[in-house]
file run-v1.cif (mmCIF, C-alpha atoms)
data_work
#
loop_
_atom_site.label_atom_id
_atom_site.label_comp_id
_atom_site.auth_asym_id
_atom_site.auth_seq_id
_atom_site.Cartn_x
_atom_site.Cartn_y
_atom_site.Cartn_z
CA MET G 1 5.26 -24.65 8.58
CA VAL G 2 7.11 -21.87 10.37
CA THR G 3 5.30 -20.54 13.43
CA GLY G 4 6.07 -18.62 16.56
CA GLU G 5 9.04 -16.46 17.38
CA ARG G 6 12.40 -17.34 15.92
CA SER G 7 15.53 -17.60 17.99
CA GLY G 8 19.21 -18.36 17.59
CA PRO G 9 21.87 -16.72 15.44
CA GLU G 10 20.59 -14.88 12.41
CA LYS G 11 21.10 -16.47 9.00
CA GLU G 12 20.66 -14.66 5.71
CA GLU G 13 18.44 -17.30 4.18
CA GLU G 14 14.78 -17.73 3.34
CA THR G 15 12.90 -20.46 5.12
CA VAL G 16 9.69 -21.42 3.39
CA SER G 17 7.74 -24.50 4.35
CA ALA G 18 4.30 -24.73 2.74
CA PRO G 19 2.29 -27.91 2.78
CA VAL G 20 2.70 -30.02 -0.33
CA ALA G 21 -1.06 -30.15 -0.77
CA LEU G 22 -1.18 -26.35 -0.94
CA ALA G 23 1.46 -26.17 -3.63
CA ALA G 24 -0.15 -28.88 -5.68
CA SER G 25 -3.69 -27.50 -5.47
CA VAL G 26 -3.13 -24.44 -7.66
CA GLN G 27 -1.14 -23.65 -10.78
CA PRO G 28 1.76 -21.24 -10.05
CA ILE G 29 1.10 -17.66 -11.11
CA THR G 30 2.76 -16.50 -14.34
CA ARG G 31 4.42 -13.15 -14.88
CA TRP G 32 1.53 -12.00 -17.08
CA SER G 33 -0.97 -12.96 -14.40
CA ALA G 34 1.12 -11.06 -11.85
CA LEU G 35 0.98 -7.98 -14.10
CA LEU G 36 -2.81 -8.33 -14.31
CA PHE G 37 -2.96 -8.55 -10.50
CA ALA G 38 -0.77 -5.43 -10.33
CA ALA G 39 -3.09 -3.54 -12.70
CA ALA G 40 -6.13 -4.57 -10.67
CA CYS G 41 -4.41 -3.45 -7.46
CA GLY G 42 -3.44 -0.10 -8.94
CA LEU G 43 -6.94 0.61 -10.24
CA ALA G 44 -8.59 -0.35 -6.95
CA VAL G 45 -6.31 1.60 -4.60
CA ALA G 46 -6.35 4.68 -6.87
CA ASN G 47 -10.06 5.05 -6.11
CA VAL G 48 -9.12 6.15 -2.57
CA TYR G 49 -6.87 8.97 -3.84
CA TYR G 50 -8.75 10.44 -6.82
CA ALA G 51 -10.58 12.94 -4.62
CA GLN G 52 -7.44 14.69 -3.35
CA PRO G 53 -6.94 16.99 -6.37
CA LEU G 54 -10.73 17.28 -6.90
CA LEU G 55 -11.70 18.86 -3.57
CA ASP G 56 -12.25 22.33 -5.07
CA SER G 57 -14.53 20.89 -7.75
CA LEU G 58 -16.47 18.79 -5.23
CA ALA G 59 -16.89 21.77 -2.90
CA ALA G 60 -18.30 23.90 -5.71
CA GLN G 61 -20.56 21.12 -7.06
CA PHE G 62 -22.19 20.18 -3.75
CA GLY G 63 -22.00 23.46 -1.84
CA ILE G 64 -19.52 22.16 0.74
CA SER G 65 -17.30 24.70 2.47
CA HIS G 66 -13.56 24.42 1.90
CA SER G 67 -13.08 23.84 5.62
CA SER G 68 -15.39 20.80 5.51
CA VAL G 69 -14.73 19.26 2.09
CA GLY G 70 -11.84 17.24 3.52
CA MET G 71 -14.45 14.92 5.03
CA VAL G 72 -14.74 13.30 1.60
CA ILE G 73 -11.20 11.97 1.97
CA THR G 74 -11.62 11.25 5.66
CA VAL G 75 -14.70 9.08 5.10
CA THR G 76 -12.96 7.16 2.33
CA GLN G 77 -9.83 6.48 4.37
CA ILE G 78 -11.74 5.50 7.51
CA CYS G 79 -13.77 2.99 5.52
CA TYR G 80 -10.57 1.69 3.91
CA ALA G 81 -9.17 1.02 7.39
CA ILE G 82 -12.41 -0.74 8.36
CA GLY G 83 -12.15 -2.87 5.23
CA LEU G 84 -8.60 -3.90 6.16
CA MET G 85 -9.85 -5.27 9.46
CA LEU G 86 -13.19 -6.77 8.39
CA LEU G 87 -12.92 -7.76 4.72
CA VAL G 88 -9.30 -8.70 3.95
CA PRO G 89 -9.29 -11.70 6.38
CA LEU G 90 -12.14 -13.21 4.32
CA GLY G 91 -9.49 -14.27 1.80
CA ASP G 92 -8.58 -17.08 4.24
CA LEU G 93 -12.21 -18.17 4.56
CA LEU G 94 -13.97 -17.75 1.20
CA ASN G 95 -13.21 -18.83 -2.37
CA ARG G 96 -11.17 -15.97 -3.82
CA ARG G 97 -12.26 -16.65 -7.39
CA ARG G 98 -15.68 -15.36 -6.32
CA LEU G 99 -14.58 -12.98 -3.54
CA ILE G 100 -12.17 -10.83 -5.59
CA PRO G 101 -14.39 -10.18 -8.66
CA GLY G 102 -17.38 -9.79 -6.34
CA MET G 103 -15.66 -7.04 -4.35
CA MET G 104 -14.60 -5.33 -7.57
CA LEU G 105 -18.11 -5.43 -9.05
CA ILE G 106 -19.60 -3.85 -5.91
CA SER G 107 -16.88 -1.21 -6.18
CA VAL G 108 -17.92 -0.57 -9.79
CA ALA G 109 -21.47 0.11 -8.61
CA ALA G 110 -20.20 2.48 -5.90
CA LEU G 111 -18.05 4.36 -8.41
CA VAL G 112 -21.08 4.86 -10.66
CA VAL G 113 -23.01 6.20 -7.66
CA VAL G 114 -20.20 8.69 -6.94
CA GLY G 115 -19.93 9.71 -10.59
CA THR G 116 -23.68 10.40 -10.81
CA ALA G 117 -24.24 11.75 -7.27
CA THR G 118 -26.77 14.58 -7.01
CA ASN G 119 -26.21 15.58 -3.38
CA ARG G 120 -23.53 15.34 -0.72
CA GLY G 121 -25.23 12.47 1.12
CA ILE G 122 -25.12 10.23 -1.95
CA LEU G 123 -21.56 11.34 -2.65
CA LEU G 124 -20.34 10.47 0.86
CA GLY G 125 -22.23 7.16 0.87
CA GLY G 126 -20.67 6.17 -2.43
CA MET G 127 -17.19 7.22 -1.31
CA ALA G 128 -17.60 5.17 1.89
CA VAL G 129 -18.29 2.01 -0.13
CA VAL G 130 -15.45 2.84 -2.54
CA GLY G 131 -13.02 3.06 0.39
CA LEU G 132 -14.36 -0.12 2.00
CA LEU G 133 -14.00 -2.20 -1.19
CA ALA G 134 -10.62 -0.75 -2.24
CA VAL G 135 -9.04 -3.27 0.15
CA VAL G 136 -9.48 -5.86 -2.59
CA THR G 137 -5.91 -4.82 -3.40
CA GLN G 138 -4.68 -6.54 -0.25
CA VAL G 139 -6.70 -9.69 -0.97
CA LEU G 140 -5.01 -9.78 -4.39
CA VAL G 141 -1.51 -9.36 -2.93
CA ALA G 142 -2.06 -12.19 -0.45
CA TYR G 143 -3.53 -14.43 -3.17
CA ALA G 144 -0.60 -13.74 -5.49
CA ALA G 145 1.76 -14.84 -2.70
CA THR G 146 -0.25 -18.05 -2.32
CA LEU G 147 -0.18 -18.82 -6.05
CA ALA G 148 3.54 -18.06 -6.39
CA ALA G 149 6.15 -20.79 -6.21
CA PRO G 150 8.22 -20.47 -3.00
CA GLU G 151 11.43 -19.66 -4.90
CA SER G 152 9.77 -16.75 -6.75
CA ARG G 153 7.34 -15.47 -4.12
CA GLY G 154 9.31 -12.31 -3.38
CA ARG G 155 9.56 -11.44 -7.08
CA ILE G 156 5.82 -11.92 -7.61
CA VAL G 157 4.94 -9.91 -4.51
CA GLY G 158 7.25 -7.16 -5.77
CA VAL G 159 5.49 -7.01 -9.14
CA VAL G 160 1.99 -6.97 -7.65
CA THR G 161 2.84 -4.50 -4.89
CA SER G 162 4.38 -2.14 -7.44
CA GLY G 163 0.90 -1.81 -8.90
CA VAL G 164 -0.39 -0.59 -5.53
CA VAL G 165 2.27 2.10 -5.12
CA ILE G 166 1.98 3.25 -8.73
CA GLY G 167 -1.80 3.44 -8.39
CA ILE G 168 -1.43 5.68 -5.33
CA LEU G 169 1.12 7.95 -7.01
CA LEU G 170 -0.56 8.28 -10.41
CA ALA G 171 -4.12 8.67 -9.12
CA ARG G 172 -3.65 12.42 -8.70
CA THR G 173 -2.17 12.81 -12.19
CA PHE G 174 -4.97 10.76 -13.79
CA ALA G 175 -7.67 12.65 -11.89
CA GLY G 176 -6.23 16.05 -12.74
CA LEU G 177 -5.87 15.36 -16.47
CA LEU G 178 -9.30 13.76 -16.85
CA THR G 179 -11.01 16.51 -14.85
CA ASP G 180 -9.48 19.18 -17.07
CA ALA G 181 -10.70 17.30 -20.14
CA ALA G 182 -14.19 16.13 -19.13
CA GLY G 183 -15.04 17.17 -15.57
CA TRP G 184 -14.61 15.45 -12.21
CA ARG G 185 -17.44 12.93 -12.75
CA SER G 186 -15.56 11.41 -15.66
CA VAL G 187 -12.80 10.28 -13.27
CA TYR G 188 -15.09 7.95 -11.33
CA LEU G 189 -17.08 6.77 -14.35
CA ALA G 190 -13.87 5.96 -16.25
CA SER G 191 -12.55 4.09 -13.22
CA ALA G 192 -15.82 2.13 -13.02
CA GLY G 193 -15.42 1.05 -16.64
CA LEU G 194 -11.81 -0.04 -16.17
CA MET G 195 -12.64 -1.90 -12.95
CA LEU G 196 -15.49 -3.74 -14.70
CA ILE G 197 -13.18 -4.92 -17.48
CA VAL G 198 -10.50 -6.15 -15.07
CA ALA G 199 -13.09 -7.86 -12.83
CA CYS G 200 -14.44 -9.83 -15.79
CA ILE G 201 -10.92 -10.87 -16.85
CA LEU G 202 -10.06 -12.00 -13.31
CA LEU G 203 -13.31 -13.97 -13.04
CA LYS G 204 -12.28 -15.88 -16.14
CA MET G 205 -8.59 -16.45 -15.36
CA LEU G 206 -8.48 -17.07 -11.59
CA PRO G 207 -8.12 -20.77 -10.65
CA GLY G 208 -11.41 -22.51 -9.97
CA LYS G 209 -9.86 -24.48 -7.12
CA ASP G 210 -8.74 -22.46 -4.12
CA PRO G 211 -6.26 -23.72 -1.51
CA GLU G 212 -7.73 -25.23 1.62
CA LYS G 213 -9.46 -22.65 3.80
CA ALA G 214 -9.34 -22.03 7.53
CA SER G 215 -11.87 -24.07 9.51
CA LEU G 216 -13.09 -21.03 11.49
CA ASN G 217 -16.26 -19.01 11.62
CA TYR G 218 -16.11 -15.29 10.92
CA PRO G 219 -15.78 -14.04 14.54
CA GLN G 220 -13.03 -16.61 15.17
CA LEU G 221 -11.32 -15.46 11.98
CA LEU G 222 -11.22 -11.85 13.18
CA ARG G 223 -9.95 -12.84 16.63
CA SER G 224 -7.19 -14.89 15.05
CA VAL G 225 -5.79 -11.72 13.45
CA LEU G 226 -4.99 -10.40 16.93
CA GLY G 227 -3.47 -13.76 17.78
CA LEU G 228 -1.01 -13.41 14.91
CA TYR G 229 0.49 -10.30 16.52
CA VAL G 230 1.16 -12.31 19.66
CA GLN G 231 2.49 -15.42 17.93
CA GLU G 232 4.60 -14.01 15.09
CA ARG G 233 7.48 -11.76 16.08
CA ILE G 234 8.39 -11.12 12.47
CA LEU G 235 4.91 -9.69 11.90
CA ARG G 236 5.28 -7.32 14.86
CA VAL G 237 8.67 -6.07 13.69
CA ARG G 238 7.71 -5.66 10.05
CA ALA G 239 4.40 -4.00 10.94
CA VAL G 240 6.23 -1.32 12.96
CA LEU G 241 8.60 -0.77 10.04
CA ALA G 242 5.56 -0.39 7.75
CA LEU G 243 4.10 2.23 10.08
CA LEU G 244 7.32 4.25 10.06
CA ILE G 245 8.14 4.08 6.35
CA PHE G 246 4.62 4.99 5.28
CA MET G 247 4.56 7.79 7.82
CA ALA G 248 7.64 9.18 6.05
CA PHE G 249 6.01 8.55 2.64
CA SER G 250 2.86 10.40 3.70
CA ILE G 251 4.81 13.28 5.26
CA LEU G 252 6.28 14.03 1.84
CA TRP G 253 3.30 13.45 -0.44
CA THR G 254 0.66 15.14 1.74
CA SER G 255 2.58 18.38 2.22
CA LEU G 256 4.45 18.57 -1.11
CA VAL G 257 1.67 20.53 -2.79
CA LEU G 258 2.14 23.38 -0.29
CA PRO G 259 5.64 24.61 -1.27
CA LEU G 260 5.12 23.74 -4.93
CA SER G 261 1.93 25.81 -5.22
CA SER G 262 3.32 28.76 -3.24
CA PRO G 263 5.73 31.49 -4.44
CA PRO G 264 8.36 31.43 -5.76
CA LEU G 265 7.47 28.16 -7.54
CA SER G 266 3.66 28.63 -7.93
CA LEU G 267 3.22 25.50 -10.04
CA SER G 268 -0.13 24.45 -11.51
CA HIS G 269 -2.00 21.42 -10.18
CA THR G 270 -1.21 19.53 -13.38
CA ALA G 271 2.51 20.24 -12.96
CA ILE G 272 2.41 19.23 -9.30
CA GLY G 273 0.64 15.99 -10.19
CA ALA G 274 3.38 15.19 -12.69
CA PHE G 275 5.83 14.64 -9.83
CA GLY G 276 3.93 11.41 -9.22
CA LEU G 277 5.66 10.09 -12.35
CA ALA G 278 9.02 10.43 -10.60
CA GLY G 279 7.61 8.58 -7.61
CA ALA G 280 6.29 5.80 -9.84
CA ALA G 281 9.71 5.45 -11.46
CA GLY G 282 11.28 5.11 -8.03
CA ALA G 283 8.73 2.49 -6.99
CA LEU G 284 9.31 0.45 -10.15
CA SER G 285 13.06 0.50 -9.64
CA ALA G 286 12.54 -1.26 -6.29
CA ALA G 287 10.89 -4.33 -7.81
CA ARG G 288 14.22 -6.16 -7.52
CA ALA G 289 13.80 -6.15 -3.74
CA GLY G 290 11.50 -9.14 -4.06
CA ARG G 291 14.16 -11.12 -5.92
CA LEU G 292 16.69 -10.30 -3.21
CA ALA G 293 14.25 -11.53 -0.57
CA ASP G 294 13.90 -14.79 -2.52
CA ARG G 295 17.69 -15.16 -2.22
CA GLY G 296 17.58 -14.65 1.54
CA LEU G 297 18.89 -11.08 1.48
CA GLY G 298 15.83 -9.38 2.96
CA GLN G 299 17.62 -8.03 6.02
CA ARG G 300 20.43 -6.43 4.00
CA THR G 301 17.92 -4.98 1.54
CA THR G 302 15.97 -3.47 4.42
CA GLY G 303 19.05 -1.84 5.94
CA VAL G 304 20.25 -0.33 2.66
CA ALA G 305 16.75 0.90 1.75
CA LEU G 306 16.22 2.54 5.15
CA ALA G 307 19.58 4.31 4.84
CA LEU G 308 18.50 5.63 1.41
CA LEU G 309 15.19 6.75 2.90
CA LEU G 310 17.07 8.86 5.44
CA VAL G 311 19.44 10.29 2.81
CA SER G 312 16.53 11.19 0.48
CA TRP G 313 15.46 14.04 2.76
CA LEU G 314 18.66 15.97 2.01
CA PRO G 315 17.82 16.72 -1.67
CA ILE G 316 14.12 17.07 -0.76
CA ARG G 317 15.15 19.84 1.65
CA TYR G 318 16.17 21.99 -1.35
CA THR G 319 12.77 21.74 -3.10
CA GLU G 320 12.20 25.52 -3.02
CA HIS G 321 15.56 26.08 -4.75
CA SER G 322 15.80 23.20 -7.23
CA LEU G 323 13.11 20.98 -8.74
CA LEU G 324 15.81 18.61 -9.98
CA SER G 325 16.88 18.14 -6.38
CA LEU G 326 13.26 17.33 -5.48
CA ILE G 327 12.99 14.77 -8.28
CA LEU G 328 16.16 13.04 -7.05
CA GLY G 329 14.80 12.97 -3.51
CA ILE G 330 11.45 11.57 -4.67
CA LEU G 331 13.19 8.81 -6.64
CA LEU G 332 15.26 7.81 -3.61
CA LEU G 333 12.39 8.00 -1.13
CA ASP G 334 9.86 6.04 -3.19
CA MET G 335 12.45 3.42 -4.16
CA ALA G 336 13.38 2.96 -0.50
CA VAL G 337 9.79 2.75 0.75
CA GLN G 338 8.80 0.26 -1.93
CA ALA G 339 11.89 -1.89 -1.34
CA VAL G 340 11.16 -2.18 2.38
CA HIS G 341 7.46 -2.76 1.76
CA VAL G 342 8.09 -5.60 -0.71
CA THR G 343 10.69 -7.15 1.60
CA ASN G 344 8.33 -6.91 4.58
CA GLN G 345 5.56 -8.74 2.77
CA SER G 346 7.88 -11.36 1.30
CA MET G 347 9.10 -12.17 4.81
CA ILE G 348 5.74 -12.33 6.58
CA PHE G 349 4.21 -14.41 3.77
CA SER G 350 6.82 -17.07 4.50
CA VAL G 351 4.99 -17.96 7.71
CA ARG G 352 1.48 -19.35 8.14
CA PRO G 353 0.63 -20.09 4.47
CA GLU G 354 -3.00 -20.70 5.46
CA SER G 355 -3.20 -17.22 7.08
CA ARG G 356 -1.80 -14.93 4.39
CA SER G 357 -4.91 -12.75 4.11
CA ARG G 358 -4.99 -12.30 7.88
CA LEU G 359 -1.27 -11.54 7.91
CA THR G 360 -1.90 -8.93 5.23
CA ALA G 361 -4.73 -7.38 7.24
CA ALA G 362 -2.58 -7.25 10.37
CA TYR G 363 0.39 -5.74 8.51
CA MET G 364 -1.58 -3.23 6.45
CA THR G 365 -3.41 -1.91 9.51
CA PHE G 366 -0.07 -0.48 10.68
CA TYR G 367 0.52 0.87 7.16
CA SER G 368 -2.81 2.71 7.38
CA ILE G 369 -2.01 4.13 10.82
CA GLY G 370 1.37 5.38 9.58
CA SER G 371 -0.13 7.03 6.50
CA ALA G 372 -2.83 8.81 8.49
CA THR G 373 -0.38 9.97 11.16
CA GLY G 374 2.06 11.27 8.56
CA SER G 375 -0.66 13.25 6.79
CA ILE G 376 -1.82 14.96 9.98
CA ALA G 377 1.70 15.65 11.24
CA SER G 378 3.05 17.03 7.96
CA THR G 379 0.40 19.70 7.38
CA SER G 380 0.50 20.93 10.98
CA THR G 381 4.31 20.97 10.91
CA TYR G 382 4.34 22.96 7.65
CA ALA G 383 1.95 25.53 9.13
CA ARG G 384 4.29 26.14 12.09
CA PHE G 385 7.79 25.48 10.79
CA GLY G 386 7.61 25.56 6.99
CA TRP G 387 9.25 23.15 4.56
CA ASP G 388 12.43 22.83 6.65
CA GLY G 389 10.29 21.57 9.53
CA VAL G 390 8.59 18.99 7.30
CA CYS G 391 11.95 17.70 6.09
CA MET G 392 13.28 17.48 9.64
CA LEU G 393 10.17 15.54 10.64
CA GLY G 394 10.54 13.15 7.69
CA ALA G 395 14.23 12.63 8.39
CA GLY G 396 13.52 12.00 12.06
CA VAL G 397 10.92 9.32 11.29
CA SER G 398 13.30 7.75 8.74
CA ALA G 399 16.15 7.70 11.27
CA LEU G 400 13.85 6.08 13.82
CA ALA G 401 12.98 3.35 11.30
CA LEU G 402 16.67 2.68 10.64
CA LEU G 403 17.47 2.51 14.35
CA PHE G 404 14.50 0.24 15.03
CA TRP G 405 15.61 -2.14 12.25
CA ALA G 406 19.19 -2.22 13.61
CA TRP G 407 17.96 -2.87 17.16
CA THR G 408 15.59 -5.69 16.18
CA ARG G 409 18.25 -7.31 14.00
CA ARG G 410 20.76 -7.33 16.83
CA SER G 411 18.14 -8.67 19.24
CA GLY G 412 17.69 -11.80 17.18
CA GLU G 413 15.25 -11.38 14.27
CA LYS G 414 15.87 -14.20 11.83
CA GLU G 415 15.38 -13.91 8.09
CA GLY G 416 11.99 -15.30 7.05
#
call {"tool": "encode", "arguments": {"input": "run-v1.cif", "output": "structure tokens"}}
result
Amino acid sequence: MVTGERSGPEKEEETVSAPVALAASVQPITRWSALLFAAACGLAVANVYYAQPLLDSLAAQFGISHSSVGMVITVTQICYAIGLMLLVPLGDLLNRRRLIPGMMLISVAALVVVGTATNRGILLGGMAVVGLLAVVTQVLVAYAATLAAPESRGRIVGVVTSGVVIGILLARTFAGLLTDAAGWRSVYLASAGLMLIVACILLKMLPGKDPEKASLNYPQLLRSVLGLYVQERILRVRAVLALLIFMAFSILWTSLVLPLSSPPLSLSHTAIGAFGLAGAAGALSAARAGRLADRGLGQRTTGVALALLLVSWLPIRYTEHSLLSLILGILLLDMAVQAVHVTNQSMIFSVRPESRSRLTAAYMTFYSIGSATGSIASTSTYARFGWDGVCMLGAGVSALALLFWAWTRRSGEKEG
């Protein structure tokens, strides 16, 4: 088992040392199972983002002012952050064959409540539970890493994590199209149906025997998450990188609707949502990052991806003059973010095999902070400095991420 801070000259190699009993206790995950995990992740995380293009409809339905309707998203995201801290670590304590479908079934009930809500109180209560249980995505990612053979862990994590990013990017497109066809309620009711189907499939196919669990009670489990920050340098470094790359990601995607919906472009919401397809294509193209991490090339992959992230802001800068330029920038940015994200998780999952859910919770907390910070910063920057200001902000955050990676590599981070 690899623990503590690494020292000595850096080597471009992967060091994985899981107990033999752990490897023997479960059957390695297949590619088809990984795709099912990815689909489940995408469906679950999309529930957090469906409301973004529906705010006008929700405001009209429940008599909420446009200045206050943003609380629907705020409540959902706050509860998602709470779920990261309080629910994801349970993957190291409870049997995941029951935990994962159980979380999804409760989410199904919450989605039905949202889809049939008759007042704003019920709506906000349902959205709170939806956000809280959407963190099942992170339990699935950690479990996939546990089921994967060491030599293919990065590839499997790449496949499953692609589902998360695609779910985030396509949620707006799905919500917009379904709302136009059958109203906003149909979005949440359709999601409930899909989640129910996937939960039943997972309940049937997940291994009955789970790897050995941590011998801790729940309060000790939560405290141990903080201990991981202290003990694992690679977690600290990769968590900061997650904060920065998802801040850049959120800077683009939160503010992009503003120049696209304004003159001279004045695109419809459906057309704006379609740009998520370009982002999904970029995310899918980064799946190879996991294979490179399996070969011990995670550091090089990180450096190249962060350089591409910085470069992507140049074509994005010309959004108001060329949509083709924007599409190119989106492809580069989403490919870079996904490549670093997959590499990060592949590296931190190589330490503490018995703590992968807690490692995920610790890592994704920084992801959540970065996303929230990017959203707030991008809209305020656009209001004061326009699209050029947003692009300068995104490029600055991207440059900081690249410099931080170079500094930590020189100071002795070893490939995990």
call {"tool": "closest_residue", "arguments": {"input": "run-v1.cif", "among": "G:Gly370, G:Pro353, G:Gly276, G:Gly298", "to": "Leu331 in chain G", "atoms": "only C-alpha atoms"}}
result
G:Gly276
call {"tool": "atom_distance", "arguments": {"input": "run-v1.cif", "atom1": "CA of Ile106 in chain G", "atom2": "CA of Arg153 in chain G"}}
result
29.4 Å
call {"tool": "resolve_selection", "arguments": {"input": "run-v1.cif", "expression": "the PyMOL selection byres ((chain G and resi 302) around 10)", "output": "list in words"}}
result
Leu241, Ala289, Ala293, Leu297, Gly298, Gln299, Arg300, Thr301, Gly303, Val304, Ala305, Leu306, Ala307, Leu308, Ala336, Val337, Ala339, Val340, His341, Val342, Thr343, Asn344, Leu402, Trp405 and Ala406 of chain G
call {"tool": "atom_distance", "arguments": {"input": "run-v1.cif", "atom1": "CA of Val141 in chain G", "atom2": "CA of Thr161 in chain G"}}
result
6.8 Å
call {"tool": "closest_residue", "arguments": {"input": "run-v1.cif", "among": "G:Ala362, G:Met347, G:Ala39, G:Leu105", "to": "Leu196 in chain G", "atoms": "all atoms listed in the file"}}
result
G:Leu105
call {"tool": "closest_residue", "arguments": {"input": "run-v1.cif", "among": "G:Trp407, G:Tyr218, G:Trp253, G:Phe385", "to": "Leu87 in chain G", "atoms": "all atoms listed in the file"}}
result
G:Tyr218
call {"tool": "atom_distance", "arguments": {"input": "run-v1.cif", "atom1": "CA of Leu132 in chain G", "atom2": "CA of Tyr367 in chain G"}}
result
15.8 Å
call {"tool": "closest_atom_pairs", "arguments": {"input": "run-v1.cif", "of": "range 126-181 of chain G", "to": "range 91-98 of chain G", "cutoff": "12 Å", "atoms": "all atoms listed in the file", "output": "tab-separated table"}}
result
residue	atom	partner	partner_atom	distance
G:Val135	CA	G:Gly91	CA	11.1
G:Val136	CA	G:Gly91	CA	9.5
G:Thr137	CA	G:Gly91	CA	11.4
G:Gln138	CA	G:Gly91	CA	9.3
G:Val139	CA	G:Gly91	CA	6.0
G:Leu140	CA	G:Arg96	CA	8.8
G:Val141	CA	G:Gly91	CA	10.5
G:Ala142	CA	G:Gly91	CA	8.0
G:Tyr143	CA	G:Gly91	CA	7.8
G:Ala144	CA	G:Arg96	CA	10.9
G:Thr146	CA	G:Asp92	CA	10.6
G:Leu147	CA	G:Arg96	CA	11.6
call {"tool": "closest_residue", "arguments": {"input": "run-v1.cif", "among": "G:Val112, G:Leu284, G:Ile64, G:Leu222", "to": "Leu86 in chain G", "atoms": "all atoms listed in the file"}}
result
G:Leu222
call {"tool": "residues_around", "arguments": {"input": "run-v1.cif", "residues": "Ala280 in chain G", "least_positions_apart": "6", "cutoff": "10 Å", "atoms": "all atoms listed in the file", "output": "PDB file with C-alpha atoms, in the frame of the given file"}}
result
ATOM      1  CA  SER G 162       4.380  -2.140  -7.440  1.00  0.00           C
ATOM      2  CA  GLY G 163       0.900  -1.810  -8.900  1.00  0.00           C
ATOM      3  CA  VAL G 165       2.270   2.100  -5.120  1.00  0.00           C
ATOM      4  CA  ILE G 166       1.980   3.250  -8.730  1.00  0.00           C
ATOM      5  CA  GLY G 167      -1.800   3.440  -8.390  1.00  0.00           C
ATOM      6  CA  ILE G 168      -1.430   5.680  -5.330  1.00  0.00           C
ATOM      7  CA  LEU G 169       1.120   7.950  -7.010  1.00  0.00           C
ATOM      8  CA  LEU G 170      -0.560   8.280 -10.410  1.00  0.00           C
ATOM      9  CA  ILE G 330      11.450  11.570  -4.670  1.00  0.00           C
ATOM     10  CA  LEU G 331      13.190   8.810  -6.640  1.00  0.00           C
ATOM     11  CA  ASP G 334       9.860   6.040  -3.190  1.00  0.00           C
ATOM     12  CA  MET G 335      12.450   3.420  -4.160  1.00  0.00           C
ATOM     13  CA  GLN G 338       8.800   0.260  -1.930  1.00  0.00           C
TER      14      GLN G 338
END
call {"tool": "closest_atom_pairs", "arguments": {"input": "run-v1.cif", "of": "range 55-154 of chain G", "to": "range 181-189 of chain G", "cutoff": "10 Å", "atoms": "all atoms listed in the file", "output": "CSV"}}
result
residue,atom,partner,partner_atom,distance
G:Leu55,CA,G:Trp184,CA,9.7
G:Ser57,CA,G:Trp184,CA,7.0
G:Leu58,CA,G:Trp184,CA,8.0
G:Gln61,CA,G:Trp184,CA,9.7
G:Val108,CA,G:Leu189,CA,8.7
G:Ala109,CA,G:Leu189,CA,9.8
G:Ala110,CA,G:Tyr188,CA,9.2
G:Leu111,CA,G:Tyr188,CA,5.5
G:Val112,CA,G:Leu189,CA,5.8
G:Val113,CA,G:Tyr188,CA,8.9
G:Val114,CA,G:Tyr188,CA,6.8
G:Gly115,CA,G:Arg185,CA,4.6
G:Thr116,CA,G:Arg185,CA,7.0
G:Ala117,CA,G:Arg185,CA,8.8
call {"tool": "closest_residue", "arguments": {"input": "run-v1.cif", "among": "G:Ser357, G:Ser285, G:Thr373, G:Ser191", "to": "Ala40 in chain G", "atoms": "all atoms listed in the file"}}
result
G:Ser191
call {"tool": "resolve_selection", "arguments": {"input": "run-v1.cif", "expression": "the PyMOL selection byres ((chain G and resi 251) around 12)", "output": "ChimeraX atom specification"}}
result
/G:244-250,252-258,313,316,333,370-382,387,389-398
call {"tool": "resolve_selection", "arguments": {"input": "run-v1.cif", "expression": "the PyMOL selection byres ((chain G and resi 82) around 12)", "output": "list of chain:residue names"}}
result
G:Val75, G:Thr76, G:Gln77, G:Ile78, G:Cys79, G:Tyr80, G:Ala81, G:Gly83, G:Leu84, G:Met85, G:Leu86, G:Leu87, G:Val88, G:Pro89, G:Ala128, G:Val129, G:Val130, G:Gly131, G:Leu132, G:Leu133, G:Ala134, G:Val135, G:Ala361, G:Ala362, G:Met364, G:Thr365, G:Ser368, G:Ile369
call {"tool": "closest_residue", "arguments": {"input": "run-v1.cif", "among": "G:Pro219, G:Pro101, G:Gly279, G:Pro263", "to": "Lys204 in chain G", "atoms": "only C-alpha atoms"}}
result
G:Pro101
call {"tool": "residues_around", "arguments": {"input": "run-v1.cif", "residues": "Ile156 in chain G", "least_positions_apart": "2", "cutoff": "8 Å", "atoms": "only C-alpha atoms", "output": "compact mmCIF listing (two decimals) with C-alpha atoms, keeping the file's coordinate frame"}}
result
# COMPACT_ATOMS: atom_id res chain seq x y z
CA ARG G 31 4.42 -13.15 -14.88
CA ALA G 34 1.12 -11.06 -11.85
CA ALA G 144 -0.60 -13.74 -5.49
CA ALA G 145 1.76 -14.84 -2.70
CA ALA G 148 3.54 -18.06 -6.39
CA SER G 152 9.77 -16.75 -6.75
CA ARG G 153 7.34 -15.47 -4.12
CA GLY G 154 9.31 -12.31 -3.38
CA GLY G 158 7.25 -7.16 -5.77
CA VAL G 159 5.49 -7.01 -9.14
CA VAL G 160 1.99 -6.97 -7.65
CA GLY G 290 11.50 -9.14 -4.06
call {"tool": "residues_around", "arguments": {"input": "run-v1.cif", "residues": "Ser261 in chain G", "least_positions_apart": "5", "cutoff": "12 Å", "atoms": "all atoms listed in the file", "output": "ChimeraX atom specification"}}
result
/G:255-256,266-273,319-320
